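What follows is a short report on a single structure.
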Amino acid sequence: MARSPEDISITDVVAAIEGTLQTFPNYGYFDRVFKDVEPVAHEGTKVVNGIFSRADQLWLDFLDQQKLATLIKELLVVTQIPVLDWTNYSDDKMAQLNALLSRMRAHK
């Protein structure tokens, strides 16, 4: 990794995997369904988009406070993140990881 897990937020992970977050994209549904009352449909679209945009921002603000390091430690039930040499292809990585986790959990 280019950065430490302590410096990577869950927002960074979401952005890397999903790109820009928009949970309710504007597909023009209001305008199509209520085309007979277009000014109302347009305002409805703006209101709904505004609500979901604010919700997206609140969610991203929360995720920005959550760090990848904390997620990994809680997931693995350890106090520090285990480090393996992934460049050594001769080792059984899962066995090595399981042994390392067992030792770390025993010393917790």
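Letters A, B, ... go to the chains of the structure tokens in the order shown; residues in each chain start at 1; ligands are counted from 1 in the same order.
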
Problem set entry | Picked from chain A by DSSP as helix (DSSP H, G or I), as number ranges by chain | A: 5-7, 10-18, 29-33, 35-65, 68-76, 93-106

Problem set entry | Non-local contacts of Val77 of chain A (8 Å; only C-alpha atoms; under 3 positions in same chain excluded) as a list of chain:residue names | A:Lys73, A:Glu74, A:Arg105

Give me the segment 70-97 of chain A side of the contact with segment 6-11 of chain A, cut-off 12 Å, one line per residue showing its nearest atom pair and distance in Å at one decimal, counting only C-alpha atoms, sorted by chain and residue number, as JSON lines.
{"residue": "A:Thr70", "atom": "CA", "partner": "A:Glu6", "partner_atom": "CA", "distance": 7.6}
{"residue": "A:Leu71", "atom": "CA", "partner": "A:Ile10", "partner_atom": "CA", "distance": 8.7}
{"residue": "A:Ile72", "atom": "CA", "partner": "A:Glu6", "partner_atom": "CA", "distance": 10.2}
{"residue": "A:Lys73", "atom": "CA", "partner": "A:Glu6", "partner_atom": "CA", "distance": 10.8}
{"residue": "A:Gln80", "atom": "CA", "partner": "A:Glu6", "partner_atom": "CA", "distance": 10.9}
{"residue": "A:Ile81", "atom": "CA", "partner": "A:Glu6", "partner_atom": "CA", "distance": 10.3}

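With only C-alpha atoms as the atoms that count, the residue of A:Asp64, A:Asp91, A:Asp56, A:Glu38 with the shortest distance to Thr20 of chain A is A:Asp56.
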
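For Met94 of chain A, the non-local neighbours within 12 Å, defined as residues at least 6 positions apart in the same chain or in other chains and counting only C-alpha atoms, are Leu84, Asp85, Trp86, Leu100 and Leu101 of chain A.
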
Write to file, as a PDB file, in the first residue's frame, the residues of the selection just made, with N, CA and C atoms.
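See part24.pdb below for the written result:
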ATOM      1  N   LEU A  84       2.710  -9.814   6.565  1.00  0.00           N
ATOM      2  CA  LEU A  84       3.257 -11.007   5.923  1.00  0.00           C
ATOM      3  C   LEU A  84       4.112 -10.586   4.737  1.00  0.00           C
ATOM      4  N   ASP A  85       5.096 -11.414   4.412  1.00  0.00           N
ATOM      5  CA  ASP A  85       5.927 -11.183   3.228  1.00  0.00           C
ATOM      6  C   ASP A  85       5.241 -11.849   2.035  1.00  0.00           C
ATOM      7  N   TRP A  86       4.507 -11.056   1.280  1.00  0.00           N
ATOM      8  CA  TRP A  86       3.743 -11.593   0.146  1.00  0.00           C
ATOM      9  C   TRP A  86       4.627 -11.838  -1.072  1.00  0.00           C
ATOM     10  N   LEU A 100       0.040 -16.564  12.751  1.00  0.00           N
ATOM     11  CA  LEU A 100       0.337 -15.223  13.251  1.00  0.00           C
ATOM     12  C   LEU A 100      -0.837 -14.658  14.048  1.00  0.00           C
ATOM     13  N   LEU A 101      -2.045 -14.826  13.538  1.00  0.00           N
ATOM     14  CA  LEU A 101      -3.237 -14.346  14.244  1.00  0.00           C
ATOM     15  C   LEU A 101      -3.416 -15.066  15.577  1.00  0.00           C
TER      16      LEU A 101
END

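Using only C-alpha atoms, the contacts of His107 of chain A at a cut-off of 10 Å, with sequence neighbours closer than 3 positions omitted, comprise Val78, Thr79, Leu101, Ser102, Arg103 and Met104 of chain A.
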
Exercise. Quick one: residues within 8 Å of segment 46-53 of chain A, only C-alpha atoms counted, chain neighbours fewer than 2 positions away excluded, as a PyMOL selection string?
Worked result: chain A and resi 22-26+42-44+55-57

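Across the structure, atom CA of Arg3 of chain A and atom CA of Glu18 of chain A are spaced 19.3 Å apart.
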
Seminar exercise, completed: Min atom-atom distance to Trp59 of chain A from the set A:Val14, A:Phe30, A:Pro82, A:Asp36, counting only C-alpha atoms, belongs to A:Val14

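The gap separating atom CA of Leu63 of chain A from atom CA of Ala16 of chain A is 13.4 Å, in Å to one decimal.
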
For this session: Please indicate the distance in Å from atom CA of Ala69 of chain A to atom CA of Asn98 of chain A, rounded to one decimal place.
Result: 18.5 Å
